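As stored in input.cif (mmCIF, C-alpha atoms):
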data_protein
loop_
_atom_site.group_PDB
_atom_site.id
_atom_site.type_symbol
_atom_site.label_atom_id
_atom_site.label_comp_id
_atom_site.auth_asym_id
_atom_site.auth_seq_id
_atom_site.Cartn_x
_atom_site.Cartn_y
_atom_site.Cartn_z
ATOM 1 C CA MET A 21 0.038 -21.119 -1.561
ATOM 2 C CA LYS A 22 -2.952 -18.834 -1.624
ATOM 3 C CA ARG A 23 -2.971 -15.977 -4.131
ATOM 4 C CA ILE A 24 -4.086 -12.539 -2.954
ATOM 5 C CA VAL A 25 -5.585 -10.205 -5.554
ATOM 6 C CA LEU A 26 -5.545 -6.512 -4.715
ATOM 7 C CA GLU A 27 -8.354 -4.553 -6.309
ATOM 8 C CA ARG A 28 -7.715 -1.223 -4.592
ATOM 9 C CA LEU A 29 -5.705 0.121 -1.666
ATOM 10 C CA THR A 30 -7.038 3.291 -0.052
ATOM 11 C CA LEU A 31 -5.018 5.073 2.623
ATOM 12 C CA ARG A 32 -6.523 7.955 4.601
ATOM 13 C CA ASN A 33 -4.594 9.786 7.322
ATOM 14 C CA PHE A 34 -1.981 7.049 7.389
ATOM 15 C CA LYS A 35 1.570 8.045 8.365
ATOM 16 C CA GLY A 36 1.494 11.450 6.734
ATOM 17 C CA ILE A 37 -0.542 10.500 3.658
ATOM 18 C CA LYS A 38 -3.770 12.469 3.735
ATOM 19 C CA GLU A 39 -5.431 10.352 1.042
ATOM 20 C CA LEU A 40 -4.113 7.948 -1.569
ATOM 21 C CA VAL A 41 -5.938 5.466 -3.778
ATOM 22 C CA LEU A 42 -4.008 2.780 -5.643
ATOM 23 C CA ALA A 43 -6.376 1.044 -8.068
ATOM 24 C CA ALA A 44 -4.584 -2.085 -9.284
ATOM 25 C CA ASN A 45 -7.834 -3.710 -10.472
ATOM 26 C CA GLY A 46 -6.349 -7.164 -9.977
ATOM 27 C CA GLY A 47 -3.374 -6.439 -12.225
ATOM 28 C CA ASP A 48 0.249 -5.603 -11.585
ATOM 29 C CA ALA A 49 1.188 -2.217 -10.158
ATOM 30 C CA ASP A 50 4.621 -0.597 -10.171
ATOM 31 C CA VAL A 51 5.298 2.101 -7.592
ATOM 32 C CA TYR A 52 8.278 4.346 -8.178
ATOM 33 C CA GLY A 53 9.250 7.935 -7.533
ATOM 34 C CA ASP A 54 11.710 10.315 -5.951
ATOM 35 C CA ASN A 55 12.939 9.953 -2.398
ATOM 36 C CA ALA A 56 10.501 10.999 0.357
ATOM 37 C CA THR A 57 7.376 10.738 -1.836
ATOM 38 C CA GLY A 58 5.581 8.014 0.160
ATOM 39 C CA LYS A 59 6.618 4.737 -1.474
ATOM 40 C CA THR A 60 7.552 3.062 1.812
ATOM 41 C CA THR A 61 4.467 4.488 3.498
ATOM 42 C CA MET A 62 2.325 2.901 0.778
ATOM 43 C CA PHE A 63 4.131 -0.405 1.346
ATOM 44 C CA ASP A 64 3.564 -0.035 5.111
ATOM 45 C CA GLY A 65 -0.166 0.353 4.447
ATOM 46 C CA PHE A 66 -0.191 -2.856 2.418
ATOM 47 C CA VAL A 67 1.752 -4.756 5.092
ATOM 48 C CA TRP A 68 -0.543 -3.316 7.784
ATOM 49 C CA LEU A 69 -3.529 -4.635 5.822
ATOM 50 C CA LEU A 70 -2.073 -8.156 5.699
ATOM 51 C CA PHE A 71 -0.298 -8.479 9.048
ATOM 52 C CA GLY A 72 -1.454 -5.609 11.295
ATOM 53 C CA LYS A 73 1.988 -3.984 11.612
ATOM 54 C CA ASP A 74 4.323 -1.828 9.525
ATOM 55 C CA SER A 75 7.350 -3.043 7.579
ATOM 56 C CA GLN A 76 9.784 -2.356 10.411
#
Using structure tokens, write down the structure that the file contains.
Amino acid sequence: MKRIVLERLTLRNFKGIKELVLAANGGDADVYGDNATGKTTMFDGFVWLLFGKDSQ
């Protein structure tokens, strides 16, 4: 299995997020927060990067 290392995820004008930068720098990143704060949208951006479609 191939390992993918995420350095940084930048979303601009993606599903209601004007701009977001997640700088994991190759390490682990935990994303948590209140409802309707963009957690699933951030996940959709990551899935879009890998597979070209959202999580649904």
Could you list the residues chosen by the PyMOL selection byres ((chain A and resi 53-69) around 8) in this structure as a CSV table (one decimal) with C-alpha atoms, keeping the file's coordinate frame?
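What follows is the written file result21.csv:
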chain,number,residue,atom,x,y,z
A,29,LEU,CA,-5.7,0.1,-1.7
A,31,LEU,CA,-5.0,5.1,2.6
A,34,PHE,CA,-2.0,7.0,7.4
A,35,LYS,CA,1.6,8.0,8.4
A,37,ILE,CA,-0.5,10.5,3.7
A,51,VAL,CA,5.3,2.1,-7.6
A,52,TYR,CA,8.3,4.3,-8.2
A,70,LEU,CA,-2.1,-8.2,5.7
A,71,PHE,CA,-0.3,-8.5,9.0
A,72,GLY,CA,-1.5,-5.6,11.3
A,73,LYS,CA,2.0,-4.0,11.6
A,74,ASP,CA,4.3,-1.8,9.5
A,75,SER,CA,7.4,-3.0,7.6
Exercise on range 38-57 of chain A, axis-aligned box with 3 Å per side, report centre and edge lengths in Å to one decimal, as JSON:
{"center_x": 2.6, "center_y": 2.7, "center_z": -4.2, "size_x": 26.8, "size_y": 25.6, "size_z": 22.0}
task: Provide the CA of Gly47 in chain A to CA of Asn33 in chain A distance in Å, to one decimal place.
output: 25.4 Å
- request: Please identify all polymer residues within 10 Å of Glu27 in chain A, counting only C-alpha atoms, omitting same-chain residues fewer than 4 positions from it, and present them as number ranges by chain.
  value: A: 42-47
